[in-house]
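Student: Provided below: work_21.cif, containing mmCIF, C-alpha atoms.
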data_structure
#
loop_
_atom_site.label_atom_id
_atom_site.label_comp_id
_atom_site.auth_asym_id
_atom_site.auth_seq_id
_atom_site.Cartn_x
_atom_site.Cartn_y
_atom_site.Cartn_z
CA MET A 209 9.70 -11.47 27.62
CA SER A 210 12.41 -13.43 25.82
CA ASP A 211 15.37 -14.53 27.93
CA LEU A 212 17.57 -13.27 25.09
CA ILE A 213 16.60 -9.66 25.78
CA PRO A 214 18.75 -8.01 28.49
CA PRO A 215 16.75 -6.76 31.48
CA SER A 216 16.29 -3.08 32.14
CA PRO A 217 19.15 -1.60 34.19
CA LYS A 218 18.79 -1.30 37.94
CA TYR A 219 19.78 1.86 39.80
CA ASP A 220 20.28 2.68 43.46
CA PRO A 221 17.28 4.87 44.34
CA LEU A 222 19.26 6.42 47.20
CA ALA A 223 22.23 7.41 45.03
CA PRO A 224 22.42 11.13 44.25
CA PRO A 225 21.74 11.95 40.60
CA PRO A 226 24.60 13.19 38.41
CA PRO A 227 24.86 16.98 38.46
CA ASP A 228 23.29 18.93 35.63
CA ASP A 229 25.95 19.86 33.07
CA HIS A 230 25.50 23.58 32.49
CA VAL A 231 28.35 23.62 29.97
CA PHE A 232 26.47 21.13 27.77
CA PHE A 233 23.24 23.13 27.84
CA ALA A 234 25.08 26.43 27.39
CA SER A 235 26.09 25.37 23.86
CA ASP A 236 24.56 27.63 21.21
CA GLU A 237 26.18 26.18 18.08
CA PRO A 238 25.38 22.53 17.29
CA LEU A 239 28.25 21.95 14.88
CA ALA A 240 30.78 22.94 17.54
CA LEU A 241 29.11 20.62 20.04
CA PHE A 242 28.97 17.81 17.46
CA THR A 243 32.68 18.28 16.72
CA GLU A 244 33.48 18.00 20.42
CA TRP A 245 31.41 14.85 20.80
CA PHE A 246 32.78 13.30 17.62
CA LYS A 247 36.38 13.85 18.73
CA GLU A 248 35.62 12.03 21.97
CA ALA A 249 33.81 9.23 20.14
CA ARG A 250 36.74 8.77 17.76
CA SER A 251 39.10 8.27 20.72
CA LYS A 252 36.81 5.95 22.71
CA GLU A 253 34.42 4.13 20.37
CA PRO A 254 36.12 0.83 19.42
CA SER A 255 34.58 0.40 15.96
CA ASP A 256 33.47 2.87 13.29
CA PRO A 257 32.67 6.00 15.34
CA ASN A 258 31.45 7.53 12.07
CA SER A 259 28.80 4.88 11.43
CA MET A 260 25.27 6.25 11.31
CA ALA A 261 21.77 5.06 10.58
CA LEU A 262 20.30 6.73 7.50
CA ALA A 263 16.51 6.79 7.15
CA THR A 264 14.75 7.48 3.85
CA VAL A 265 11.23 6.86 2.54
CA ASP A 266 9.98 5.04 -0.54
CA ASP A 267 7.15 5.94 -2.92
CA ALA A 268 4.61 4.14 -0.73
CA GLY A 269 5.64 6.22 2.28
CA LEU A 270 7.30 3.22 3.94
CA PRO A 271 10.44 4.19 5.86
CA ASP A 272 13.74 2.47 5.08
CA VAL A 273 16.88 2.57 7.23
CA ARG A 274 20.43 1.25 6.97
CA MET A 275 23.90 1.93 8.34
CA VAL A 276 26.25 4.14 6.31
CA LEU A 277 29.50 5.94 7.10
CA LEU A 278 29.72 9.66 7.75
CA LYS A 279 32.57 10.91 5.57
CA ASP A 280 32.54 14.65 6.20
CA PHE A 281 30.73 17.30 8.19
CA ASP A 282 30.89 21.07 8.23
CA ALA A 283 28.58 24.07 8.39
CA ARG A 284 26.82 22.81 5.23
CA GLY A 285 25.83 19.48 6.76
CA PHE A 286 26.65 15.77 7.01
CA THR A 287 28.07 13.92 3.98
CA PHE A 288 28.03 10.25 2.96
CA TYR A 289 28.68 8.41 -0.33
CA THR A 290 26.89 5.60 -2.13
CA ASN A 291 25.66 4.13 -5.40
CA ALA A 292 22.98 6.49 -6.72
CA GLU A 293 21.19 3.50 -8.29
CA SER A 294 20.86 1.74 -4.92
CA ALA A 295 17.58 1.67 -2.98
CA LYS A 296 18.61 4.68 -0.91
CA GLY A 297 19.83 6.53 -4.00
CA ARG A 298 16.53 6.01 -5.80
CA GLN A 299 14.57 6.98 -2.70
CA LEU A 300 16.60 10.15 -2.22
CA ALA A 301 16.14 11.09 -5.88
CA ALA A 302 12.36 10.86 -5.45
CA HIS A 303 12.18 12.23 -1.89
CA PRO A 304 15.30 14.34 -1.16
CA ALA A 305 15.09 14.43 2.62
CA ALA A 306 16.44 12.11 5.28
CA ALA A 307 17.21 11.55 8.94
CA ILE A 308 20.40 10.24 10.54
CA VAL A 309 21.39 8.89 13.94
CA LEU A 310 24.91 8.40 15.28
CA HIS A 311 24.91 6.21 18.40
CA TRP A 312 28.09 5.93 20.44
CA LYS A 313 27.42 3.02 22.77
CA SER A 314 30.70 3.38 24.67
CA LEU A 315 29.84 6.99 25.55
CA LYS A 316 26.11 6.37 26.00
CA ARG A 317 25.36 9.25 23.66
CA GLN A 318 23.60 9.78 20.37
CA VAL A 319 23.03 12.57 17.87
CA ARG A 320 20.02 12.81 15.57
CA ALA A 321 19.57 15.11 12.58
CA ARG A 322 16.92 15.72 9.92
CA GLY A 323 16.93 17.81 6.78
CA ALA A 324 16.98 18.10 3.02
CA ILE A 325 19.39 16.08 0.90
CA ALA A 326 21.44 17.28 -2.07
CA GLU A 327 24.23 15.68 -4.09
CA VAL A 328 27.77 16.89 -3.48
CA THR A 329 29.72 18.39 -6.38
CA ALA A 330 31.43 16.14 -8.91
CA GLU A 331 34.78 17.47 -7.66
CA GLU A 332 33.97 16.44 -4.07
CA ALA A 333 32.83 12.98 -5.18
CA ASP A 334 35.94 12.52 -7.36
CA ALA A 335 38.25 13.53 -4.51
CA TYR A 336 36.71 11.15 -2.00
CA PHE A 337 36.48 8.28 -4.50
CA ALA A 338 40.18 8.65 -5.30
CA SER A 339 41.00 8.30 -1.60
CA ARG A 340 39.38 4.86 -1.34
CA ASP A 341 41.24 1.59 -1.48
CA ARG A 342 41.62 0.30 -5.04
CA GLY A 343 39.56 -2.79 -4.22
CA ALA A 344 36.72 -0.62 -2.97
CA ARG A 345 36.88 1.45 -6.16
CA LEU A 346 36.61 -1.71 -8.26
CA GLY A 347 33.76 -2.88 -6.04
CA ALA A 348 31.86 0.32 -6.76
CA TRP A 349 31.95 -0.57 -10.47
CA ALA A 350 31.14 -4.24 -9.93
CA SER A 351 28.25 -3.98 -7.48
CA GLU A 352 24.76 -3.38 -8.84
CA GLN A 353 23.81 -2.31 -5.37
CA SER A 354 20.41 -3.36 -3.95
CA ARG A 355 19.56 -5.47 -7.00
CA PRO A 356 19.22 -9.28 -6.97
CA LEU A 357 22.49 -11.26 -7.01
CA GLU A 358 22.36 -14.84 -8.26
CA THR A 359 25.55 -16.11 -6.60
CA ARG A 360 28.60 -14.77 -4.81
CA PHE A 361 30.65 -16.01 -7.74
CA ALA A 362 28.74 -13.66 -10.07
CA LEU A 363 29.89 -10.69 -7.98
CA GLU A 364 33.49 -11.91 -7.83
CA LYS A 365 33.44 -12.41 -11.59
CA ARG A 366 32.34 -8.82 -12.13
CA VAL A 367 35.11 -7.58 -9.83
CA ALA A 368 37.65 -9.57 -11.86
CA GLU A 369 36.26 -8.17 -15.11
CA PHE A 370 36.65 -4.58 -13.98
CA ALA A 371 40.10 -5.30 -12.54
CA ALA A 372 41.10 -6.55 -15.99
CA LYS A 373 39.45 -3.58 -17.68
CA PHE A 374 41.37 -0.98 -15.68
CA GLY A 375 44.58 -3.01 -15.36
CA LEU A 376 47.24 -1.06 -13.50
CA GLY A 377 45.72 2.29 -14.44
CA GLU A 378 43.55 4.59 -12.39
CA VAL A 379 40.06 3.45 -11.45
CA PRO A 380 37.78 6.44 -12.16
CA ARG A 381 34.59 7.19 -10.28
CA PRO A 382 31.56 5.46 -11.81
CA PRO A 383 28.92 7.88 -13.11
CA HIS A 384 26.35 6.22 -10.81
CA TRP A 385 28.43 6.70 -7.64
CA THR A 386 28.28 9.98 -5.74
CA GLY A 387 27.90 11.70 -2.39
CA TYR A 388 24.96 13.22 -0.58
CA ARG A 389 24.86 16.00 1.98
CA LEU A 390 22.13 16.33 4.59
CA ALA A 391 21.57 20.02 5.41
CA PRO A 392 20.10 19.82 8.91
CA VAL A 393 17.16 21.83 10.15
CA GLU A 394 17.03 19.80 13.37
CA ILE A 395 19.89 18.35 15.44
CA GLU A 396 19.30 16.67 18.78
CA PHE A 397 21.94 15.65 21.32
CA TRP A 398 21.07 12.85 23.77
CA ARG A 399 22.95 11.57 26.82
CA ASP A 400 22.16 8.64 29.08
CA ARG A 401 21.14 9.35 32.67
CA PRO A 402 19.92 7.02 35.45
CA PHE A 403 16.24 5.98 35.61
CA ARG A 404 15.78 6.88 31.92
CA LEU A 405 15.83 10.58 32.86
CA HIS A 406 18.13 11.37 29.99
CA ASP A 407 19.48 14.73 28.83
CA ARG A 408 18.12 15.98 25.50
CA LEU A 409 19.13 19.21 23.79
CA LYS A 410 17.46 20.08 20.49
CA PHE A 411 18.56 22.69 17.96
CA SER A 412 16.16 23.70 15.19
CA ARG A 413 15.80 26.28 12.43
CA PRO A 414 13.23 26.83 9.67
CA THR A 415 15.79 26.66 6.83
CA PRO A 416 19.43 25.50 6.49
CA THR A 417 20.64 29.12 6.44
CA ALA A 418 18.54 30.48 9.32
CA PRO A 419 19.90 30.97 12.87
CA TRP A 420 19.57 28.08 15.31
CA SER A 421 17.24 28.06 18.28
CA LYS A 422 17.56 25.50 21.09
CA GLN A 423 15.49 23.93 23.82
CA ARG A 424 15.76 21.20 26.40
CA LEU A 425 13.36 18.28 25.94
CA TYR A 426 11.76 15.90 28.39
CA PRO A 427 13.42 12.47 28.16
#
Could you quickly redo this structure as structure tokens?
Tutor:
Amino acid sequence: MSDLIPPSPKYDPLAPPPPDDHVFFASDEPLALFTEWFKEARSKEPSDPNSMALATVDDAGLPDVRMVLLKDFDARGFTFYTNAESAKGRQLAAHPAAAIVLHWKSLKRQVRARGAIAEVTAEEADAYFASRDRGARLGAWASEQSRPLETRFALEKRVAEFAAKFGLGEVPRPPHWTGYRLAPVEIEFWRDRPFRLHDRLKFSRPTPTAPWSKQRLYP
């Protein structure tokens, strides 16, 4: 084993285990539980508590994963924004389903979700795009996301060109930039426990409008 890899944690075998949290397992509505966890993560996670891994699949069936930012969540699902012509945008157009993971290292918790993907409305995308920093809006026009870039200067040149194009006026949303919403049919909550005997609570439903069922899982 490489010396760079941290060793597995050691625990006192004589220490009593943490008590089972009946309040956690009594939860029947995953969005309410996610909201509670996210509020705690926002107050304690030092950097980007809304960062999440997004997994998609390409035409060869090869999985692809990257970090994106969760920008909204409600009863309809989890929303993020990106360039629709990027690798993930093309993959989602061909295979409109995905999985996400939010890992809060400071809390030793994570949430996983899977489900179908659909684009948000143009009004939702416009509203979020308008809330971004002007430089980020210009960057959305300048970046041909996921495609080869010859030099950093070529990117900076494109940013300058669009800055000149829009001048002091509004920077509208590019037609290739939009949001996606994952409508979950599975949501799993995970918490660290000693000896890798973690807590896992899984919610599932056959469709995004069906009632949730839940079950505890072996770690």
Student: Which of these, A:Arg401, A:Lys247, A:His406, A:His311, has the shortest distance to Tyr426 of chain A once you count only C-alpha atoms?
Tutor: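 Comparing A:Arg401, A:Lys247, A:His406, A:His311 against Tyr426 of chain A, the winner is A:His406.
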Student: What is the atom CA of Thr415 of chain A to atom CA of Val393 of chain A distance in Å?
Tutor: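 Atom CA of Val393 of chain A lies at a distance of 6.0 Å from atom CA of Thr415 of chain A.
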Student: Quick one: residues within 6 Å of segment 314-327 of chain A, only C-alpha atoms counted, chain neighbours fewer than 3 positions away excluded, as a list in words?
Tutor: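 Residues meeting the cut-off are Glu253, Pro304, Ala305, Ala306, Ala307, Ile308, Val309, Leu310, His311, Gly387, Tyr388, Arg389, Leu390, Ala391, Pro392, Val393, Glu394, Ile395, Glu396, Phe397, Trp398, Arg399 and Asp400 of chain A.
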Student: Between atom CA of Leu409 of chain A and atom CA of Leu241 of chain A, what is the spacing in Å?
Tutor: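 So the two atoms, atom CA of Leu241 of chain A and atom CA of Leu409 of chain A, lie 10.8 Å apart.
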Student: Within 12 Å of Glu332 of chain A, counting all atoms listed in the file, which residues qualify if same-chain residues fewer than 2 places away don't, as a ChimeraX atom specification?
Tutor: /A:279-280,287-289,327-330,334-339,381,385-389
Student: At most 12 Å is the cut-off: for each residue in segment 261-337 of chain A with any atom that close to an atom of segment 353-371 of chain A, write down the nearest atom pair and the distance in Å rounded to one decimal, counting only C-alpha atoms, chain first then increasing number, as CSV.
Tutor:
residue,atom,partner,partner_atom,distance
A:Arg274,CA,A:Ser354,CA,11.9
A:Thr290,CA,A:Gln353,CA,9.1
A:Asn291,CA,A:Gln353,CA,6.7
A:Ala292,CA,A:Gln353,CA,8.9
A:Glu293,CA,A:Gln353,CA,7.0
A:Ser294,CA,A:Gln353,CA,5.0
A:Ala295,CA,A:Ser354,CA,5.9
A:Lys296,CA,A:Ser354,CA,8.8
A:Gly297,CA,A:Gln353,CA,9.8
A:Arg298,CA,A:Ser354,CA,10.3
A:Gln299,CA,A:Ser354,CA,11.9
Student: Suppose you want the space between atom CA of Ala418 of chain A and atom CA of Phe286 of chain A; what is it in Å?
Tutor: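 Answer for the atom CA of Ala418 of chain A to atom CA of Phe286 of chain A separation: 17.0 Å.
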